[in-house]
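All remarks here apply to the structure that follows.
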Amino acid sequence: MDMIESGLDPAEFAATAERAVAACATLESRARAARLAEDGLLGVLAGEEAGGLGLGLRFAVPVLVAAGAGDLGFPLLETLLLAGALEGRKPELVAALVAGEARGTIAWSGAARLEGGRVSGTLGRVPMAGEADWVLVPLTDGGAALVAAEAGKVEKAITLDVTVPEQVLRLEGAEPALLLDAGARSVLEADALVLRAALIMGAAETCITLAAEHVFTRRQFGKPLVAYQAVRHLLARHKLGLEGIRGAITRATTVELEEGAALLARQTAFLAAATHGPSIAEGALQLFGGMGFTWEVAVHRYMRRIRALEAQGGVPALREAVAARFIEAA
Amino acid sequence: MDGMTPELSGEAFRRYARDWLRDNAPSGFLADQPGYTPPGLEQSLAWEAAMHRAGLAGITWPKAYGGHGRTLREHLIANQEIGRLALPESVSSIGKELAGPIILAVGTEEQKLRYLPPILEMREMWCQGFSEPDAGSDLAGLRTRAVPDGDGWRVTGQKIWTSGAYKAKRCLLLARTGTVEDRHKGLALFAVPMDTPGIRVVPIRQMNDKQSFCEVFFDDVRVEPEDALGKPDEGWSAAIRVLGIERATNRMYRAWRFENELRHLVAACRQDESLAPLLRDSAYRQRIAATVTDIEMVKGHVEPVVEALVAGQAIGARGSLMKLHWSEAHQRFAALAQEMLGMAAPDAPPSTLQAQKRFQEIYLQARAETIYAGTTEIQLGIIADRVLQLPKGK
């Protein structure tokens with residue numbers, strides 16, 4: 001509906017995002033925000049009064065697919081969600097995020113305590129916390145708090161991701177700049193599932209492209225690898241998984257569904273990506289043979305990123321939630 | 001009742017379909033309800049004819065040929081509602097899903113008027129004479145010959161895996177007019193009456209102890225000119241195009257029926273004190289969630305295809321993606337159901353016994369799902385060639 005109203009086409013966002021992501025590859029980390037902001041990509045979900053575009057998730061999906069496909073070293077998912085969630089609550093900050101002047105991120109693991117109006121706790125899986133100005137932190141009461149990153153201590157984390165590395169944030173009595181209630185947080189987390197699926201899909205698609213190029217050029221036993229049925233069928237299975245993720249995301253963002261079904265579609269879009277994304281990347285690495293085990297061949301970067309995104313979404317807990325609701329309703 | 005639905009669409013059509021099915025589906029037909037009695041052939045024919053009259057079958061076929069002239073959107077909605085209920089499979093799927101759409105694409109006006117309404121009215125069932133003992137997945141290896149005989153043809157050869165041949169009125173027969181070396185050239189389609197002299201049907205006992213598919217022998221069978229579907233070559237190449245779309249639009253209810261089955265499995269476990277603990281076991285809960293994910297992914301293959309087709313876009317080989325994902329996921333689920341229901345105590349309640357019976361049949365039938373309508377290996381080949389467009393690399 002938003003497309004008809006705005007006259008915009010999500011496909012155009014894909015093309016713009018691909019160009020911007022490619023340009024970011026040669027930029028320093030801090031300059032990437034400005035480059036992405038230049039094309040309006042940081043404000044897809046933010047309100048128009050703050051300089052955003054105020055569009056739906058299905059316009060954010062192609063942007064994140066491009067980010068995943070191009071190995072973008074920027075917490076784009078977090079920035080888009082923050083700018084959307086803070087709309088109407090922190091207009092200046094939203095404007096700064098959309099303009100690429102402020103940097104934000106979100107902690108995806110752990111929960112802080114809110115005691116006497118102050119926030120304390122250890123948060124994990126905080127993408128690029130060391131470069132952020134603001135961090136949205138989940139609270140034990142189900143809500144979330146926005147805190148200044150400098151109010152806490154950022155530490156290196158053990159993470160596979162070398163593209164948007166996760167860090168640990170320790171807070172001791174930090175003053176929240178804003179509190180979100182549990183309802184707002186669960187909306188943000190449900191949106192995050194779809195966008196994370198989009199990032200995984202983009203990364204997985206690049207893995208298939210790289211592997212397909214490799215098996216066409218690499219010759220063994222007198223013919224290119226692509227001539228072997230074992231190789232063709234493996235790639236076909238990866239494509240099946242990839243298109244399954246795409247279908248699940250499309251369904252979650254474009255098909256009109258009742259409320260419960262809409263949440264399930266978001267959850268399963270991510271579960272589809274978390275199920276098939278890793279095997280696509282790992283399978284692509286296998287197809288590269290020994291070269292796949294080198295730093296130079298980029299497949300490992302995508303594989304690392306996909307595994308980190310999978311962990312950020314909390315697969316076992318999400319499956320438990322999906323099962324609980326299905327069993328209850330059956 | 002025909003003609004009462006054309007003005008309905010979207011949610012209004014969905015409510016109509018849901019209410020009609022609830023009010024009219026014979027209670028004994030539902031495999032997840034107490035009192036389930038599998039319907040006989042006559043009951044199935046009557047039921048499917050009633051569904052057609054109510055506007056829930058032949059939805060996209062033109063009105064001139066007995067259809068309802070609606071779009072794939074209504075077809076999808078009807079399928080979703082049919083899938084939600086544990087209704088029996090169609091006894092005329094070859095006619096409705098294969099012969100009908102091919103005749104719509106390549107038949108003459110006279111053929112359409114003659115063949116199509118009896119399919120929807122459940123007066124004539126069809127069988128599919130494609131596979132042969134030496135040509136299963138590789139139809140280019142067909143040996144059944146059609147040689148000119150005056151203005152018509154004479155057919156000699158053998159078909160196999162011909163589902164429902166013993167009850168079929170007509171056979172959609174694929175035969176070659178040239179030599180085996182011609183491969184895909186010179187293949188012709190015919191609509192052969194099954195009571196023509198020279199046709200012999202031999203049922204095959206299946207591994208699920210049913211007799212559905214058959215061997216069909218053609219011994220110098222005369223085929224009248226008006227029963228040829230398109231010219232040689234023409235009929236078959238058009239049929240291939242039709243099948244690409246049909247693979248994506250047939251049995252769109254599958255994802256929703258799959259959901260019905262999972263719901264039945266969970267409900268049966270809950271009603272049985274020996275099985276209820278499984279629903280609290282996190283390993284089984286994770287597998288149930290993985291099954292829900294598969295079901296949603298199959299829906300994700302189905303629903304966007306409808307919008308693409310309605311918008312006039314080509315869908316390429318997307319039907320292969322749906323068929324492959326569904327058939328393999330359904331096998332995984334069928335094995336899960338066997339495992340869970342297999343843990344029931346010997347004095348299990350009737351609800352468990354009913355579920356065990358249903359899911360045993362589903363488990364066995366599911367083995368066929370990765371074989372029929374293009375095996376898994378064929379689907380992977382199609383995806384590699386036509387979706388990924390991998391070069392052959394010779």
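In the structure tokens, the first chain shown is A, the next is B, and so on; residue numbers restart at 1 for each chain, and ligands run from 1 in the order shown.
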
Strand (DSSP E) residues, from DSSP on the backbone, in segment 26-268 of chain A, as a VMD selection string = chain A and resid 104 to 106 113 to 115 118 to 127 134 to 138 144 to 148 153 to 156 166 to 174 178 to 180 219 to 220 223 to 224

Got a sec: who's within 12 Å of Glu215 of chain B, counting only C-alpha atoms, leaving out chain neighbours fewer than 2 positions off, as number ranges by chain?
-> B: 127-133, 157-166, 199-205, 211-213, 217-218

Would you kindly return, as a list in words, each protein, DNA or RNA residue with an atom no farther than 10 Å from any atom of Thr268 of chain A, considering only C-alpha atoms and excluding same-chain residues fewer than 2 positions away?
-> Leu193, Val194, Ala197, Ile245, Ala248, Ile249, Ala252, Ala262, Leu263, Leu264, Ala265, Arg266, Phe270, Leu271, Ala272, Ala273, Ala274, Thr275, Leu318, Arg319 and Val322 of chain A; Ala289, Ala290, Val292, Thr293, Asp294, Ile295, Glu296 and Met297 of chain B

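Proximity to chain B at a cut-off of 6 Å picks out Pro224, Val226, Ala227, Arg232, His233, Ala236, Leu240, Gly244, Gly247, Ala248, Arg251, Thr268, Arg319, Val322, Ala323 and Ala330 of chain A on chain A, counting only C-alpha atoms.
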
Just-selected residues, N, CA and C atoms written as a compact mmCIF listing (two decimals), in the first residue's frame:
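The result, written out as again.txt:
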# COMPACT_ATOMS: atom_id res chain seq x y z
N PRO A 224 35.50 -28.45 -16.45
CA PRO A 224 35.20 -27.54 -15.34
C PRO A 224 34.34 -28.23 -14.29
N VAL A 226 31.78 -27.34 -12.93
CA VAL A 226 30.33 -27.19 -13.14
C VAL A 226 29.76 -28.33 -13.98
N ALA A 227 30.63 -29.07 -14.67
CA ALA A 227 30.14 -30.19 -15.48
C ALA A 227 29.75 -31.39 -14.62
N ARG A 232 26.63 -29.47 -9.51
CA ARG A 232 25.42 -28.78 -9.99
C ARG A 232 24.28 -28.95 -9.00
N HIS A 233 24.12 -30.17 -8.51
CA HIS A 233 23.01 -30.41 -7.59
C HIS A 233 23.23 -29.73 -6.25
N ALA A 236 22.29 -26.27 -6.81
CA ALA A 236 20.83 -26.19 -6.95
C ALA A 236 20.17 -26.22 -5.57
N LEU A 240 17.79 -23.47 -3.94
CA LEU A 240 16.48 -23.79 -3.33
C LEU A 240 16.36 -23.12 -1.97
N GLY A 244 13.91 -20.03 -0.98
CA GLY A 244 13.02 -20.25 0.16
C GLY A 244 13.08 -19.08 1.13
N GLY A 247 11.29 -16.13 -0.57
CA GLY A 247 9.83 -16.28 -0.52
C GLY A 247 9.29 -15.97 0.87
N ALA A 248 10.02 -16.43 1.89
CA ALA A 248 9.55 -16.20 3.26
C ALA A 248 9.61 -14.71 3.61
N ARG A 251 6.83 -12.95 1.70
CA ARG A 251 5.55 -13.22 2.35
C ARG A 251 5.39 -12.35 3.59
N THR A 268 9.45 -16.83 11.04
CA THR A 268 9.90 -17.94 10.20
C THR A 268 10.74 -17.43 9.02
N ARG A 319 12.69 -20.60 18.01
CA ARG A 319 12.00 -21.85 17.69
C ARG A 319 11.07 -22.25 18.84
N VAL A 322 7.99 -20.19 18.63
CA VAL A 322 7.13 -20.63 17.51
C VAL A 322 6.41 -21.93 17.89
N ALA A 323 7.15 -22.86 18.48
CA ALA A 323 6.54 -24.14 18.87
C ALA A 323 5.49 -23.92 19.94
N ALA A 330 -3.02 -25.54 18.54
CA ALA A 330 -3.43 -26.75 17.80
C ALA A 330 -4.63 -27.43 18.45

All residues 7 Å or closer to Met201 of chain A, only C-alpha atoms, same chain fewer than 2 positions away omitted, as a PDB file with N, CA and C atoms, in the first residue's frame:
ATOM      1  N   VAL A  65      19.455  -6.389   1.859  1.00  0.00           N
ATOM      2  CA  VAL A  65      19.954  -7.458   0.977  1.00  0.00           C
ATOM      3  C   VAL A  65      21.246  -6.969   0.306  1.00  0.00           C
ATOM      4  N   ALA A 197      17.055 -11.451   8.274  1.00  0.00           N
ATOM      5  CA  ALA A 197      16.896 -12.454   7.209  1.00  0.00           C
ATOM      6  C   ALA A 197      17.354 -11.869   5.875  1.00  0.00           C
ATOM      7  N   ALA A 198      17.053 -10.589   5.663  1.00  0.00           N
ATOM      8  CA  ALA A 198      17.454  -9.935   4.407  1.00  0.00           C
ATOM      9  C   ALA A 198      18.976  -9.831   4.303  1.00  0.00           C
ATOM     10  N   LEU A 199      19.624  -9.489   5.413  1.00  0.00           N
ATOM     11  CA  LEU A 199      21.098  -9.436   5.413  1.00  0.00           C
ATOM     12  C   LEU A 199      21.677 -10.811   5.090  1.00  0.00           C
ATOM     13  N   ALA A 203      23.972 -11.983   1.785  1.00  0.00           N
ATOM     14  CA  ALA A 203      25.283 -12.626   1.948  1.00  0.00           C
ATOM     15  C   ALA A 203      25.280 -14.004   1.292  1.00  0.00           C
ATOM     16  N   ALA A 204      24.196 -14.743   1.490  1.00  0.00           N
ATOM     17  CA  ALA A 204      24.118 -16.096   0.923  1.00  0.00           C
ATOM     18  C   ALA A 204      24.091 -16.038  -0.603  1.00  0.00           C
ATOM     19  N   GLU A 205      23.403 -15.030  -1.132  1.00  0.00           N
ATOM     20  CA  GLU A 205      23.320 -14.913  -2.587  1.00  0.00           C
ATOM     21  C   GLU A 205      24.705 -14.660  -3.174  1.00  0.00           C
ATOM     22  N   LEU A 242      18.046 -20.517  -0.868  1.00  0.00           N
ATOM     23  CA  LEU A 242      18.042 -19.064  -1.043  1.00  0.00           C
ATOM     24  C   LEU A 242      16.658 -18.564  -1.456  1.00  0.00           C
ATOM     25  N   ILE A 245      14.272 -18.579   1.367  1.00  0.00           N
ATOM     26  CA  ILE A 245      14.426 -17.407   2.242  1.00  0.00           C
ATOM     27  C   ILE A 245      13.725 -16.209   1.594  1.00  0.00           C
ATOM     28  N   ALA A 273      16.121 -18.139   7.061  1.00  0.00           N
ATOM     29  CA  ALA A 273      17.461 -17.619   6.755  1.00  0.00           C
ATOM     30  C   ALA A 273      18.514 -18.272   7.649  1.00  0.00           C
ATOM     31  N   GLY A 277      20.867 -20.156   5.384  1.00  0.00           N
ATOM     32  CA  GLY A 277      21.988 -19.256   5.136  1.00  0.00           C
ATOM     33  C   GLY A 277      23.340 -19.882   5.454  1.00  0.00           C
TER      34      GLY A 277
END

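Separating atom CA of Gly198 of chain B from atom CA of Leu229 of chain B is a distance of 20.5 Å.
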
I'd like a table as CSV: residues in segment 92-125 of chain A with an atom no more than 6 Å from segment 66-87 of chain A, each row giving the shortest atom pair and its distance in Å to one decimal, only C-alpha atoms counted, sorted by chain and rising residue number.
residue,atom,partner,partner_atom,distance
A:Val94,CA,A:Ala83,CA,5.0
A:Gly104,CA,A:Thr79,CA,5.7
A:Thr105,CA,A:Glu78,CA,5.1
A:Ile106,CA,A:Glu78,CA,5.8

Could you save the residues just selected, with C-alpha atoms, as a PDB file, in the first residue's frame?
ATOM      1  CA  VAL A  94      16.615  10.539  14.541  1.00  0.00           C
ATOM      2  CA  GLY A 104      23.741   4.083  16.774  1.00  0.00           C
ATOM      3  CA  THR A 105      23.670   0.383  17.473  1.00  0.00           C
ATOM      4  CA  ILE A 106      21.656  -2.185  19.404  1.00  0.00           C
TER       5      ILE A 106
END

Please report, as an NGL selection string, each residue of segment 180-319 of chain B to which DSSP assigns helix (DSSP H, G or I) when run on this structure's backbone.
-> :B and (180-182 or 225-227 or 234-249 or 254-270 or 276-280 or 282-310 or 318-319)

List the neighbours of Lys153 of chain A out to 8 Å using only C-alpha atoms; skip same-chain residues closer than 2 positions along the sequence, and give me the result as a list in words.
-> Ala149, Glu150, Ala151, Glu155, Leu169, Arg170 and Leu171 of chain A

Surrounding residues of Lys185 of chain B excluding itself and chain neighbours under 5 positions, 9 Å, only C-alpha atoms, as a ChimeraX atom specification | /B:140,176-179,232-233

Output N, CA and C atoms of each residue in that selection to a file, as a PDB file, in the first residue's frame.
ATOM      1  N   ALA B 140      12.206 -38.376 -23.317  1.00  0.00           N
ATOM      2  CA  ALA B 140      12.705 -38.381 -24.691  1.00  0.00           C
ATOM      3  C   ALA B 140      13.014 -39.803 -25.160  1.00  0.00           C
ATOM      4  N   ARG B 176       5.272 -41.414 -29.915  1.00  0.00           N
ATOM      5  CA  ARG B 176       6.133 -40.774 -30.899  1.00  0.00           C
ATOM      6  C   ARG B 176       5.708 -41.149 -32.317  1.00  0.00           C
ATOM      7  N   THR B 177       5.818 -40.162 -33.191  1.00  0.00           N
ATOM      8  CA  THR B 177       5.447 -40.381 -34.581  1.00  0.00           C
ATOM      9  C   THR B 177       6.677 -40.669 -35.422  1.00  0.00           C
ATOM     10  N   GLY B 178       7.862 -40.398 -34.878  1.00  0.00           N
ATOM     11  CA  GLY B 178       9.099 -40.678 -35.614  1.00  0.00           C
ATOM     12  C   GLY B 178       9.824 -41.856 -34.983  1.00  0.00           C
ATOM     13  N   THR B 179      11.162 -41.742 -34.888  1.00  0.00           N
ATOM     14  CA  THR B 179      11.954 -42.835 -34.327  1.00  0.00           C
ATOM     15  C   THR B 179      12.506 -42.427 -32.962  1.00  0.00           C
ATOM     16  N   PRO B 232       1.794 -33.174 -34.174  1.00  0.00           N
ATOM     17  CA  PRO B 232       3.007 -33.734 -33.571  1.00  0.00           C
ATOM     18  C   PRO B 232       4.003 -32.600 -33.339  1.00  0.00           C
ATOM     19  N   ASP B 233       4.786 -32.685 -32.257  1.00  0.00           N
ATOM     20  CA  ASP B 233       5.714 -31.634 -31.810  1.00  0.00           C
ATOM     21  C   ASP B 233       4.962 -30.525 -31.093  1.00  0.00           C
TER      22      ASP B 233
END
